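Reproduced below: input_27.txt, with compact mmCIF, C-alpha atoms.
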# COMPACT_ATOMS: atom_id res chain seq x y z
CA MET A 1 11.42 -9.03 -33.78
CA GLN A 2 8.41 -10.47 -35.57
CA THR A 3 6.76 -8.90 -38.58
CA ASP A 4 3.06 -8.09 -38.68
CA THR A 5 2.62 -10.97 -41.14
CA ASP A 6 4.20 -13.41 -38.65
CA ILE A 7 2.02 -12.11 -35.85
CA LYS A 8 -1.15 -12.37 -37.96
CA LYS A 9 -0.30 -15.95 -38.86
CA ASP A 10 0.32 -16.85 -35.20
CA VAL A 11 -2.83 -15.08 -33.98
CA GLU A 12 -4.97 -16.89 -36.55
CA ALA A 13 -3.32 -20.20 -35.59
CA GLU A 14 -3.98 -19.53 -31.90
CA LEU A 15 -7.66 -18.70 -32.56
CA ARG A 16 -8.08 -21.85 -34.69
CA TRP A 17 -6.38 -23.94 -32.03
CA SER A 18 -8.34 -22.61 -29.03
CA PRO A 19 -11.30 -24.92 -28.46
CA ASP A 20 -13.18 -22.26 -26.48
CA VAL A 21 -13.36 -19.93 -29.50
CA ASP A 22 -15.14 -20.56 -32.79
CA GLU A 23 -12.94 -18.54 -35.14
CA THR A 24 -14.99 -19.25 -38.29
CA ASP A 25 -16.33 -15.71 -38.59
CA ILE A 26 -13.49 -13.79 -36.99
CA ALA A 27 -11.15 -11.61 -39.08
CA VAL A 28 -7.67 -10.56 -37.92
CA LYS A 29 -5.67 -7.49 -38.97
CA VAL A 30 -2.26 -6.58 -37.55
CA LYS A 31 -0.44 -3.26 -37.76
CA ASN A 32 2.74 -2.55 -35.76
CA GLY A 33 1.93 -5.37 -33.38
CA GLU A 34 -1.58 -4.02 -32.75
CA VAL A 35 -4.23 -6.60 -33.47
CA SER A 36 -7.68 -5.62 -34.65
CA LEU A 37 -10.47 -8.23 -34.36
CA THR A 38 -13.74 -7.98 -36.28
CA GLY A 39 -16.50 -10.40 -37.26
CA TYR A 40 -19.03 -12.40 -35.24
CA VAL A 41 -19.26 -14.88 -32.39
CA ARG A 42 -22.19 -16.54 -30.62
CA ASN A 43 -21.96 -14.85 -27.25
CA TYR A 44 -20.10 -12.26 -25.20
CA LEU A 45 -18.03 -14.82 -23.29
CA GLU A 46 -16.60 -16.10 -26.59
CA LYS A 47 -15.77 -12.52 -27.58
CA CYS A 48 -13.77 -12.17 -24.35
CA GLN A 49 -12.12 -15.55 -24.90
CA ALA A 50 -11.02 -14.53 -28.40
CA GLU A 51 -9.27 -11.51 -26.90
CA THR A 52 -7.63 -13.66 -24.21
CA ALA A 53 -6.37 -16.05 -26.89
CA VAL A 54 -4.87 -13.23 -28.94
CA LYS A 55 -3.11 -11.82 -25.88
CA ARG A 56 -1.34 -15.15 -25.36
CA VAL A 57 0.57 -14.69 -28.63
CA LYS A 58 4.14 -13.39 -28.67
CA GLY A 59 4.47 -10.04 -30.39
CA VAL A 60 0.98 -8.75 -29.68
CA ALA A 61 1.31 -5.25 -28.24
CA ALA A 62 -2.37 -4.27 -28.15
CA VAL A 63 -5.81 -5.60 -29.10
CA ALA A 64 -8.82 -3.70 -30.50
CA ASN A 65 -11.76 -6.07 -30.09
CA ASP A 66 -14.66 -5.06 -32.35
CA ILE A 67 -16.18 -8.53 -32.69
CA GLU A 68 -19.97 -8.40 -32.70
CA ILE A 69 -22.38 -10.82 -31.07
CA ARG A 70 -24.75 -12.57 -33.41
CA SER A 71 -27.81 -13.42 -31.33
CA PHE A 72 -30.22 -16.14 -32.22
CA ALA A 73 -33.95 -16.62 -31.78
CA GLY A 74 -34.79 -17.69 -28.27
CA THR A 75 -32.42 -15.17 -26.69
CA PRO A 76 -33.59 -14.18 -23.20
CA THR A 77 -35.36 -10.84 -22.78
CA ASP A 78 -33.77 -7.95 -20.91
CA PRO A 79 -35.75 -8.60 -17.69
CA GLU A 80 -34.74 -12.28 -17.84
CA ILE A 81 -31.09 -11.34 -18.24
CA ALA A 82 -31.36 -8.83 -15.39
CA ARG A 83 -32.88 -11.49 -13.10
CA ALA A 84 -30.18 -13.99 -14.02
CA ALA A 85 -27.55 -11.31 -13.37
CA VAL A 86 -28.86 -10.61 -9.87
CA SER A 87 -28.88 -14.36 -9.06
CA ALA A 88 -25.35 -14.73 -10.38
CA LEU A 89 -24.13 -11.74 -8.35
CA LYS A 90 -25.79 -13.08 -5.19
CA ILE A 91 -23.87 -16.33 -5.60
CA GLU A 92 -20.57 -14.76 -6.59
CA LEU A 93 -20.51 -12.01 -3.94
CA PRO A 94 -22.82 -13.06 -1.10
CA LEU A 95 -21.67 -10.21 1.13
CA THR A 96 -21.60 -7.37 -1.40
CA TRP A 97 -24.19 -8.01 -4.11
CA GLU A 98 -26.68 -5.61 -2.59
CA SER A 99 -24.47 -2.61 -3.30
CA ILE A 100 -24.32 -3.48 -7.02
CA LYS A 101 -27.00 -2.44 -9.50
CA THR A 102 -27.58 -4.12 -12.87
CA VAL A 103 -29.15 -2.34 -15.83
CA VAL A 104 -29.88 -4.30 -19.03
CA GLN A 105 -30.83 -2.79 -22.37
CA GLY A 106 -30.86 -4.80 -25.60
CA GLY A 107 -28.61 -7.41 -24.02
CA ARG A 108 -26.11 -4.71 -23.02
CA VAL A 109 -25.39 -5.00 -19.30
CA ARG A 110 -24.25 -2.06 -17.21
CA LEU A 111 -23.00 -2.66 -13.66
CA GLU A 112 -23.14 0.24 -11.21
CA GLY A 113 -22.67 0.77 -7.49
CA LYS A 114 -19.66 0.48 -5.25
CA VAL A 115 -17.42 -2.12 -3.65
CA GLU A 116 -14.42 -1.94 -1.38
CA TRP A 117 -11.99 -4.01 -3.45
CA HIS A 118 -11.15 -4.30 -7.13
CA TYR A 119 -11.31 -8.11 -7.04
CA GLU A 120 -14.98 -7.83 -6.09
CA ARG A 121 -15.55 -5.56 -9.07
CA GLU A 122 -13.83 -8.11 -11.33
CA ARG A 123 -15.85 -11.02 -9.97
CA ALA A 124 -19.09 -9.13 -10.55
CA GLU A 125 -18.14 -8.66 -14.18
CA SER A 126 -17.11 -12.27 -14.70
CA ALA A 127 -20.32 -13.48 -13.06
CA VAL A 128 -22.50 -11.73 -15.65
CA ARG A 129 -20.23 -12.11 -18.67
CA ARG A 130 -21.27 -15.69 -19.33
CA LEU A 131 -25.02 -15.25 -19.03
CA SER A 132 -27.12 -16.20 -22.03
CA GLY A 133 -28.19 -13.20 -24.13
CA VAL A 134 -25.47 -10.82 -22.94
CA VAL A 135 -24.05 -8.70 -25.76
CA SER A 136 -21.66 -6.56 -23.74
CA VAL A 137 -20.78 -5.69 -20.15
CA LEU A 138 -19.97 -2.14 -19.10
CA ASN A 139 -18.50 -2.24 -15.62
CA GLN A 140 -19.03 1.10 -13.91
CA ILE A 141 -18.77 -0.21 -10.36
CA ARG A 142 -16.77 2.27 -8.28
CA ILE A 143 -14.02 1.26 -5.87
CA GLU A 144 -14.47 2.92 -2.50
CA PRO A 145 -11.69 1.69 -0.23
CA LYS A 146 -12.49 1.64 3.46
CA VAL A 147 -8.95 2.59 4.44
CA ALA A 148 -6.85 5.59 3.53
CA PRO A 149 -3.96 5.02 1.13
CA GLN A 150 -0.71 4.68 3.02
CA ASP A 151 2.69 4.31 1.47
CA ILE A 152 1.16 2.53 -1.54
CA LYS A 153 4.15 3.10 -3.82
CA HIS A 154 6.53 1.21 -1.52
CA ARG A 155 4.05 -1.51 -0.72
CA ILE A 156 3.41 -2.22 -4.40
CA GLU A 157 7.13 -2.18 -5.17
CA ASP A 158 7.72 -4.66 -2.32
CA ALA A 159 5.00 -6.89 -3.72
CA PHE A 160 6.58 -6.81 -7.19
CA ARG A 161 9.88 -7.90 -5.66
CA ARG A 162 8.22 -10.79 -3.81
CA ILE A 163 6.44 -12.38 -6.73
CA ALA A 164 8.01 -14.51 -9.42
CA GLN A 165 6.07 -13.38 -12.45
CA VAL A 166 6.77 -9.65 -12.38
CA ASP A 167 10.20 -8.16 -13.07
CA ALA A 168 10.24 -5.35 -10.52
CA ASN A 169 13.26 -3.71 -12.15
CA GLN A 170 11.34 -2.95 -15.35
CA ILE A 171 8.36 -1.27 -13.72
CA THR A 172 7.99 2.14 -12.11
CA VAL A 173 5.18 2.85 -9.68
CA GLU A 174 3.77 6.33 -9.22
CA ALA A 175 1.18 7.03 -6.53
CA GLN A 176 -0.88 10.18 -6.14
CA GLY A 177 -3.34 9.90 -3.30
CA SER A 178 -5.37 6.79 -4.06
CA ASP A 179 -4.40 6.66 -7.75
CA VAL A 180 -1.58 4.45 -9.00
CA THR A 181 0.16 4.62 -12.39
CA LEU A 182 2.33 1.76 -13.67
CA ARG A 183 4.90 2.43 -16.38
CA GLY A 184 7.60 0.34 -18.02
CA GLU A 185 7.93 -2.82 -20.07
CA VAL A 186 6.80 -6.39 -19.45
CA ARG A 187 7.35 -9.63 -21.35
CA SER A 188 3.75 -10.75 -21.76
CA TRP A 189 0.11 -9.79 -21.19
CA ALA A 190 0.08 -12.30 -18.34
CA GLU A 191 2.80 -10.30 -16.59
CA ARG A 192 1.00 -7.05 -17.36
CA ASP A 193 -2.23 -8.42 -15.85
CA GLN A 194 -0.43 -9.69 -12.74
CA ALA A 195 1.26 -6.30 -12.20
CA GLN A 196 -2.15 -4.63 -12.43
CA GLN A 197 -3.73 -7.14 -9.99
CA THR A 198 -0.91 -6.53 -7.53
CA ALA A 199 -1.30 -2.77 -7.73
CA TRP A 200 -5.03 -3.13 -7.01
CA SER A 201 -4.26 -5.15 -3.87
CA ALA A 202 -2.65 -2.20 -2.07
CA PRO A 203 -5.06 -1.02 0.64
CA GLY A 204 -6.56 2.37 -0.17
CA VAL A 205 -6.13 2.17 -3.95
CA ALA A 206 -9.13 3.51 -5.86
CA LYS A 207 -7.67 3.64 -9.37
CA VAL A 208 -4.87 1.92 -11.31
CA ILE A 209 -3.70 3.37 -14.62
CA ASN A 210 -1.77 0.65 -16.39
CA GLU A 211 0.62 2.11 -18.95
CA LEU A 212 2.84 -0.99 -19.08
CA ARG A 213 3.90 -1.90 -22.59
CA VAL A 214 4.19 -5.50 -23.69
CA ARG A 215 7.57 -5.99 -25.31
CA ALA A 216 7.32 -7.15 -28.91
CA MET B 217 18.38 -20.19 -4.04
CA LYS B 218 16.23 -18.05 -1.76
CA PRO B 219 16.58 -19.16 1.89
CA ASP B 220 13.51 -20.78 3.48
CA SER B 221 13.24 -17.97 6.03
CA GLU B 222 12.98 -15.42 3.21
CA VAL B 223 10.40 -17.49 1.34
CA LYS B 224 8.35 -17.77 4.55
CA ARG B 225 8.54 -14.04 5.13
CA ASP B 226 7.48 -13.27 1.57
CA VAL B 227 4.67 -15.85 1.55
CA GLU B 228 3.28 -14.43 4.80
CA ALA B 229 3.54 -10.90 3.39
CA GLU B 230 1.76 -11.93 0.17
CA LEU B 231 -1.05 -13.69 2.09
CA ASP B 232 -1.43 -10.66 4.35
CA TRP B 233 -1.49 -8.36 1.34
CA SER B 234 -4.06 -10.30 -0.70
CA PRO B 235 -7.51 -8.85 -0.07
CA ASP B 236 -9.33 -12.04 -1.11
CA VAL B 237 -7.70 -14.21 1.56
CA ASP B 238 -8.12 -13.79 5.29
CA GLN B 239 -4.83 -15.06 6.62
CA THR B 240 -5.66 -14.54 10.31
CA ASP B 241 -5.88 -18.25 11.07
CA LEU B 242 -3.28 -19.50 8.59
CA ALA B 243 0.19 -20.83 9.42
CA VAL B 244 3.09 -21.10 6.96
CA LYS B 245 6.03 -23.52 7.13
CA VAL B 246 8.76 -23.71 4.49
CA SER B 247 11.27 -26.50 3.91
CA ASN B 248 13.56 -26.49 0.85
CA GLY B 249 11.21 -24.13 -0.94
CA VAL B 250 8.16 -26.33 -0.32
CA VAL B 251 5.44 -24.39 1.51
CA THR B 252 3.00 -26.14 3.88
CA LEU B 253 -0.18 -24.23 4.68
CA THR B 254 -2.25 -25.15 7.72
CA GLY B 255 -5.02 -23.49 9.70
CA PHE B 256 -8.56 -22.42 8.84
CA VAL B 257 -10.47 -20.36 6.30
CA ALA B 258 -14.16 -19.62 5.91
CA SER B 259 -14.66 -21.03 2.42
CA PHE B 260 -13.25 -23.54 -0.06
CA PHE B 261 -12.68 -20.76 -2.55
CA GLU B 262 -10.50 -18.97 -0.02
CA LYS B 263 -8.50 -22.17 0.51
CA TYR B 264 -7.98 -22.34 -3.25
CA ARG B 265 -7.08 -18.63 -3.44
CA ALA B 266 -4.59 -19.03 -0.57
CA GLU B 267 -2.74 -21.69 -2.59
CA GLU B 268 -2.75 -19.52 -5.73
CA THR B 269 -1.41 -16.64 -3.64
CA VAL B 270 1.46 -18.72 -2.29
CA LYS B 271 2.36 -19.89 -5.81
CA ARG B 272 2.87 -16.30 -6.95
CA VAL B 273 5.84 -15.86 -4.61
CA ALA B 274 9.34 -16.24 -6.03
CA GLY B 275 11.20 -19.17 -4.52
CA VAL B 276 8.18 -21.43 -3.95
CA ALA B 277 9.01 -24.86 -5.36
CA GLY B 278 5.86 -26.61 -4.17
CA VAL B 279 2.76 -26.21 -1.99
CA ALA B 280 1.09 -28.64 0.45
CA ASN B 281 -2.34 -27.16 1.17
CA ASP B 282 -3.63 -28.63 4.42
CA VAL B 283 -5.89 -25.70 5.27
CA GLN B 284 -9.27 -26.70 6.71
CA VAL B 285 -12.52 -25.08 5.66
CA ARG B 286 -14.90 -23.86 8.36
CA PRO B 287 -17.74 -22.07 6.55
CA ALA B 288 -19.04 -19.08 8.49
CA TYR B 289 -22.09 -18.67 6.26
CA GLY B 290 -23.28 -20.08 3.01
CA LEU B 291 -25.76 -21.97 0.90
CA ASP B 292 -27.30 -25.22 2.15
CA ASP B 293 -27.07 -28.47 0.16
CA PRO B 294 -30.19 -27.95 -2.01
CA GLU B 295 -29.07 -24.39 -2.82
CA ILE B 296 -25.59 -25.59 -3.78
CA ALA B 297 -27.14 -28.33 -5.92
CA ARG B 298 -29.37 -25.80 -7.71
CA ALA B 299 -26.45 -23.46 -8.34
CA ALA B 300 -24.43 -26.43 -9.65
CA ILE B 301 -27.19 -27.37 -12.10
CA ALA B 302 -27.32 -23.76 -13.34
CA ALA B 303 -23.54 -23.72 -13.79
CA ILE B 304 -23.67 -27.00 -15.74
CA ARG B 305 -26.40 -25.58 -18.02
CA VAL B 306 -24.29 -22.50 -18.73
CA GLU B 307 -21.15 -24.48 -19.51
CA LEU B 308 -22.78 -27.31 -21.46
CA PRO B 309 -25.90 -25.80 -23.06
CA SER B 310 -26.33 -28.66 -25.54
CA SER B 311 -25.52 -31.56 -23.18
CA PRO B 312 -26.17 -30.61 -19.55
CA GLU B 313 -27.07 -34.21 -18.71
CA SER B 314 -23.47 -35.31 -19.26
CA VAL B 315 -22.36 -33.91 -15.88
CA LYS B 316 -23.91 -34.41 -12.43
CA ALA B 317 -23.18 -32.77 -9.09
CA LEU B 318 -23.64 -34.72 -5.85
CA VAL B 319 -23.83 -32.56 -2.75
CA GLN B 320 -23.60 -33.76 0.83
CA ASN B 321 -23.05 -31.42 3.75
CA GLY B 322 -21.14 -28.98 1.59
CA HIS B 323 -18.99 -31.69 -0.01
CA VAL B 324 -19.50 -31.63 -3.75
CA THR B 325 -18.57 -34.39 -6.20
CA LEU B 326 -18.72 -33.73 -9.94
CA GLU B 327 -19.19 -36.77 -12.17
CA GLY B 328 -19.72 -37.47 -15.85
CA SER B 329 -17.74 -36.59 -18.92
CA VAL B 330 -16.99 -33.65 -21.19
CA GLU B 331 -15.14 -33.26 -24.44
CA TRP B 332 -12.60 -30.64 -23.34
CA ASN B 333 -10.61 -30.05 -20.19
CA PHE B 334 -11.38 -26.33 -20.17
CA GLN B 335 -15.06 -27.24 -19.65
CA ARG B 336 -14.12 -29.52 -16.75
CA GLU B 337 -12.02 -26.77 -15.17
CA ARG B 338 -14.70 -24.09 -15.60
CA LEU B 339 -17.31 -26.29 -13.96
CA GLU B 340 -15.00 -26.90 -11.02
CA ASP B 341 -14.32 -23.18 -10.84
CA SER B 342 -18.05 -22.32 -10.77
CA ILE B 343 -18.73 -24.75 -7.94
CA ARG B 344 -15.60 -23.78 -6.03
CA ARG B 345 -16.86 -20.22 -5.63
CA LEU B 346 -20.13 -21.12 -3.94
CA ALA B 347 -20.29 -20.04 -0.31
CA GLY B 348 -20.94 -23.10 1.88
CA VAL B 349 -18.85 -25.50 -0.23
CA ILE B 350 -16.29 -27.35 1.87
CA THR B 351 -14.63 -29.59 -0.72
CA VAL B 352 -14.92 -30.16 -4.46
CA ASP B 353 -14.05 -33.58 -5.86
CA ASN B 354 -13.82 -33.28 -9.64
CA GLU B 355 -14.25 -36.73 -11.14
CA ILE B 356 -15.38 -35.52 -14.55
CA MET B 357 -13.66 -37.52 -17.28
CA ILE B 358 -12.38 -36.16 -20.55
CA LYS B 359 -13.81 -37.98 -23.55
CA PRO B 360 -12.49 -36.27 -26.68
CA ARG B 361 -14.64 -36.56 -29.76
CA VAL B 362 -11.71 -36.68 -32.15
CA LYS B 363 -8.73 -39.00 -32.30
CA PRO B 364 -5.38 -37.47 -31.39
CA GLY B 365 -3.45 -36.39 -34.46
CA ASP B 366 0.07 -35.02 -34.37
CA ILE B 367 -0.47 -33.53 -30.91
CA LYS B 368 3.20 -33.28 -29.99
CA ARG B 369 3.89 -30.99 -32.93
CA MET B 370 0.71 -28.95 -32.35
CA ILE B 371 1.56 -28.35 -28.70
CA GLU B 372 5.15 -27.42 -29.51
CA ASP B 373 3.91 -24.96 -32.14
CA ALA B 374 1.56 -23.42 -29.57
CA PHE B 375 4.46 -23.04 -27.12
CA ARG B 376 6.53 -21.33 -29.83
CA ARG B 377 3.71 -18.84 -30.45
CA SER B 378 3.27 -18.14 -26.76
CA ALA B 379 4.47 -14.95 -25.10
CA GLU B 380 4.44 -16.45 -21.63
CA VAL B 381 5.73 -19.99 -22.14
CA ASP B 382 9.40 -20.50 -23.00
CA ALA B 383 9.30 -23.35 -25.50
CA SER B 384 13.02 -24.04 -25.23
CA HIS B 385 12.73 -25.19 -21.61
CA ILE B 386 9.78 -27.54 -21.95
CA SER B 387 9.66 -31.08 -23.31
CA VAL B 388 6.55 -32.71 -24.76
CA LYS B 389 6.07 -36.50 -24.91
CA THR B 390 2.89 -38.07 -26.24
CA GLU B 391 1.43 -41.56 -26.18
CA GLY B 392 -1.98 -41.82 -27.80
CA GLY B 393 -4.12 -39.22 -26.01
CA THR B 394 -1.73 -38.81 -23.06
CA VAL B 395 0.67 -35.87 -22.95
CA THR B 396 3.60 -35.67 -20.52
CA LEU B 397 5.21 -32.26 -20.02
CA GLY B 398 8.72 -31.98 -18.60
CA GLY B 399 11.38 -29.35 -18.10
CA ARG B 400 11.76 -26.27 -15.91
CA VAL B 401 10.04 -22.88 -15.87
CA ARG B 402 10.39 -19.75 -13.81
CA THR B 403 6.87 -19.33 -12.48
CA TRP B 404 3.81 -21.36 -11.49
CA SER B 405 1.84 -19.20 -13.91
CA GLU B 406 4.00 -20.40 -16.82
CA ARG B 407 3.63 -24.00 -15.64
CA ALA B 408 -0.17 -23.63 -15.53
CA GLN B 409 -0.24 -22.01 -18.96
CA ALA B 410 1.85 -24.84 -20.44
CA GLN B 411 -0.64 -27.34 -18.97
CA GLN B 412 -3.64 -25.47 -20.34
CA THR B 413 -2.00 -25.34 -23.75
CA ALA B 414 -1.41 -29.10 -23.76
CA TRP B 415 -5.10 -29.62 -22.96
CA PHE B 416 -6.09 -27.58 -26.01
CA ALA B 417 -4.73 -30.20 -28.43
CA PRO B 418 -7.65 -32.10 -30.01
CA GLY B 419 -7.86 -35.71 -28.82
CA VAL B 420 -5.98 -35.22 -25.53
CA SER B 421 -7.53 -37.20 -22.68
CA HIS B 422 -4.78 -36.89 -20.06
CA VAL B 423 -1.98 -34.43 -19.26
CA LYS B 424 0.83 -35.30 -16.85
CA ASN B 425 2.54 -32.09 -15.78
CA GLU B 426 6.05 -32.91 -14.57
CA ILE B 427 7.39 -29.38 -15.13
CA THR B 428 9.38 -28.14 -12.16
CA ILE B 429 9.88 -24.57 -10.94
CA SER B 430 13.43 -23.21 -10.92
CA THR B 431 14.03 -21.37 -7.66
Just give me the structure as structure tokens.
Amino acid sequence: MQTDTDIKKDVEAELRWSPDVDETDIAVKVKNGEVSLTGYVRNYLEKCQAETAVKRVKGVAAVANDIEIRSFAGTPTDPEIARAAVSALKIELPLTWESIKTVVQGGRVRLEGKVEWHYERERAESAVRRLSGVVSVLNQIRIEPKVAPQDIKHRIEDAFRRIAQVDANQITVEAQGSDVTLRGEVRSWAERDQAQQTAWSAPGVAKVINELRVRA
Amino acid sequence: MKPDSEVKRDVEAELDWSPDVDQTDLAVKVSNGVVTLTGFVASFFEKYRAEETVKRVAGVAGVANDVQVRPAYGLDDPEIARAAIAAIRVELPSSPESVKALVQNGHVTLEGSVEWNFQRERLEDSIRRLAGVITVDNEIMIKPRVKPGDIKRMIEDAFRRSAEVDASHISVKTEGGTVTLGGRVRTWSERAQAQQTAWFAPGVSHVKNEITIST
């Protein structure tokens, strides 16, 4: 197993190496495999990319991302960001954008409303994440499935068995109504994310609680 | 090895299960683990998502995506062109003129050059999502601003750091700015991650991904 010093060295190397992150003003601390990021980047997308880069590294069990956005002069105003957000949502989700509301305050974007599927909720967030002037995105879009949950535990377990990336034997699925909880151990954040995506695909699911631990 | 009939059954189940793909008009054939997709979808993005969905399934050694796009609704050419220009401005704020999008009847061609492959991929991804797009031809070239250094060692170090990629099963060969990846991995996701990692090395202008999937 790697020490915190090893992990810190690898995380810093990964941030330096990743061309989509400017790591100049980012500081890394590691304690028991939990990485804490502080410092500054130019925009919110880069903040998200820094977190993605850290999660690629072996040994990282969790990430606390407290990087701040350093805005420059010429940053769009809140109404400009809101307008750009609506345009982006229209393009990303041509059939659902009208049921999503965008509120912008000081560059902080809050998404509200409801959609049928989790992937729509995710696309809405990624559509606004990269807009100029955005400091943070709080995604409060609710999932309101149009079908009732039916046998979701078995369906998710079947899906885990079908796909290559997830080791079905290491994951337990608990379903209570339209809420799903995943527990167990996975080998990487990529596997953890895929397990979560799969759980969200079950028809009727309104919430997924992902308690999967990434093995150190 | 998983029998073709089982792979077909699982691929059809995964397509049926995926909420972002309408599999109603899709047909699946499997031969020696290679999946051929035919039929129709309503958007190019759905065609792309169908392929990604198939690649998730254990036992899939390759995919031939012959699905045709029949858009049910979508943006017209000028709207696609405007959205493309906006996407280029977002991705390349200091040099938007280095990439151009040509749009004709929903067929989009991207031309020009960028410094990094991740920029090229993100531009393709932005255009791919637009309703009304039938095909995307990405002819953007990679023109790195730095000369390749010891890229073989850098890429191998990145693989060693990686949680998802098993460094011991992948080989890295380099010649100038060209990287060739070989070896075998367990999943398409790992293969894609290895490729992305190779593209991160400064000075890389071409990556040949010859990694195969063990089924």
Task: For Ala417 of chain B: contacts at 8 Å, only C-alpha atoms, fewer than 5 positions along chain excluded, given as a list in words - done: Trp17 of chain A; Pro364, Ile367, Met370 and Ile371 of chain B
List the neighbours of segment 104-114 of chain A out to 8 Å using only C-alpha atoms; skip same-chain residues closer than 6 positions along the sequence, and give me the result as a CSV table (one decimal) with C-alpha atoms, keeping the file's coordinate frame.
chain,number,residue,atom,x,y,z
A,77,THR,CA,-35.4,-10.8,-22.8
A,78,ASP,CA,-33.8,-8.0,-20.9
A,79,PRO,CA,-35.8,-8.6,-17.7
A,81,ILE,CA,-31.1,-11.3,-18.2
A,82,ALA,CA,-31.4,-8.8,-15.4
A,125,GLU,CA,-18.1,-8.7,-14.2
A,133,GLY,CA,-28.2,-13.2,-24.1
A,134,VAL,CA,-25.5,-10.8,-22.9
A,135,VAL,CA,-24.0,-8.7,-25.8
A,136,SER,CA,-21.7,-6.6,-23.7
A,137,VAL,CA,-20.8,-5.7,-20.2
A,138,LEU,CA,-20.0,-2.1,-19.1
A,139,ASN,CA,-18.5,-2.2,-15.6
A,140,GLN,CA,-19.0,1.1,-13.9
A,141,ILE,CA,-18.8,-0.2,-10.4
A,142,ARG,CA,-16.8,2.3,-8.3
A,143,ILE,CA,-14.0,1.3,-5.9
A,144,GLU,CA,-14.5,2.9,-2.5
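Closest approach to Ser342 of chain B among B:Ala297, B:Asp241, B:Ile358, B:Ser378: B:Ala297, based on all atoms listed in the file.
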Open item on the list: Which polymer residues, whether protein, DNA or RNA, lie within 10 Å of the coordinate (-18.2, -17.9, -41.6) when you count only C-alpha atoms? List them as a PyMOL selection string, using the chain letters and numbers from the file.
Closed with: chain A and resi 22-27+39-41
Open item on the list: So the first atom is atom CA of Thr394 of chain B and the second is atom CA of Ala374 of chain B; what is the distance between them in Å, to one decimal place?
Closed with: 17.0 Å
TODO: For chain B, list the residues within 8 Å of chain A, counting only C-alpha atoms, and write the list as number ranges by chain.
DONE: B: 226, 230, 233-236, 272-275, 306, 332, 334, 345-347, 374, 377-380, 402-403, 405, 416-417
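Between atom CA of Val388 of chain B and atom CA of Asn248 of chain B there is a distance of 27.3 Å.
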Task: Distance in Å - atom CA of Pro149 of chain A versus atom CA of Glu174 of chain A - done: 13.0 Å
Open item on the list: Report as JSON, numbers by chain all protein, DNA and RNA residues lying within 12 Å of Arg369 of chain B, evaluated on all atoms listed in the file, omitting residues in the same chain fewer than 4 positions from it.
Closed with: {"B": [364, 365, 373, 374, 375, 376, 383, 387, 388, 389, 390, 395, 414, 417, 418]}
Task: Residues within 8 Å of (-13.8, -31.9, -20.9), file coords, only C-alpha atoms, listed as a list in words - done: Ser329, Val330, Glu331, Trp332, Asn333, Phe334, Gln335, Arg336, Glu337, Ile356, Met357, Ile358, Lys359 and Pro360 of chain B
First collect every listed atom of segment 164-171 of chain A; then fit an axis-aligned box around them, widen it by 8 Å on each side, and give centre and edge lengths in Å to one decimal, as lines of an AutoDock Vina configuration file.
center_x = 9.7
center_y = -7.9
center_z = -12.4
size_x = 23.2
size_y = 29.2
size_z = 21.9
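Taking only C-alpha atoms into account, Val115 of chain A lies nearest to A:Ile100 out of the set A:Ala199, A:Leu45, A:Ile100, A:Ile209.
Using only C-alpha atoms, the nearest neighbour of Lys153 of chain A within the list A:Val208, A:Val128, A:Val186, A:Arg192 is A:Val208.
Between Thr269 of chain B and the residues B:Trp404, B:Pro219, B:Ile343, B:Lys424, the shortest atom-to-atom distance, using all atoms listed in the file, involves B:Trp404.
Using all atoms listed in the file, the shortest contact distance between Ala288 of chain B and any of B:Glu313, B:Phe256, B:Val246, B:Glu267 is found at B:Phe256.
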Provide segment 286-293 of chain B rebuilt to N, CA and C atoms, formatted as an mmCIF file, in the frame of the given file.
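Writing done, so here's rebuild36.cif:
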data_model
loop_
_atom_site.group_PDB
_atom_site.id
_atom_site.type_symbol
_atom_site.label_atom_id
_atom_site.label_comp_id
_atom_site.auth_asym_id
_atom_site.auth_seq_id
_atom_site.Cartn_x
_atom_site.Cartn_y
_atom_site.Cartn_z
ATOM 1 N N ARG B 286 -13.825 -23.965 7.370
ATOM 2 C CA ARG B 286 -14.900 -23.860 8.360
ATOM 3 C C ARG B 286 -15.841 -22.759 7.871
ATOM 4 N N PRO B 287 -16.886 -23.128 7.125
ATOM 5 C CA PRO B 287 -17.740 -22.070 6.550
ATOM 6 C C PRO B 287 -18.440 -21.277 7.645
ATOM 7 N N ALA B 288 -18.370 -19.945 7.510
ATOM 8 C CA ALA B 288 -19.040 -19.080 8.490
ATOM 9 C C ALA B 288 -20.497 -18.861 8.080
ATOM 10 N N TYR B 289 -20.748 -18.895 6.798
ATOM 11 C CA TYR B 289 -22.090 -18.670 6.260
ATOM 12 C C TYR B 289 -22.126 -19.399 4.940
ATOM 13 N N GLY B 290 -23.274 -19.520 4.352
ATOM 14 C CA GLY B 290 -23.280 -20.080 3.010
ATOM 15 C C GLY B 290 -24.577 -20.772 2.647
ATOM 16 N N LEU B 291 -24.580 -21.296 1.442
ATOM 17 C CA LEU B 291 -25.760 -21.970 0.900
ATOM 18 C C LEU B 291 -25.883 -23.356 1.527
ATOM 19 N N ASP B 292 -27.128 -23.846 1.665
ATOM 20 C CA ASP B 292 -27.300 -25.220 2.150
ATOM 21 C C ASP B 292 -27.219 -26.166 0.946
ATOM 22 N N ASP B 293 -27.261 -27.484 1.226
ATOM 23 C CA ASP B 293 -27.070 -28.470 0.160
ATOM 24 C C ASP B 293 -27.997 -28.272 -1.050
#
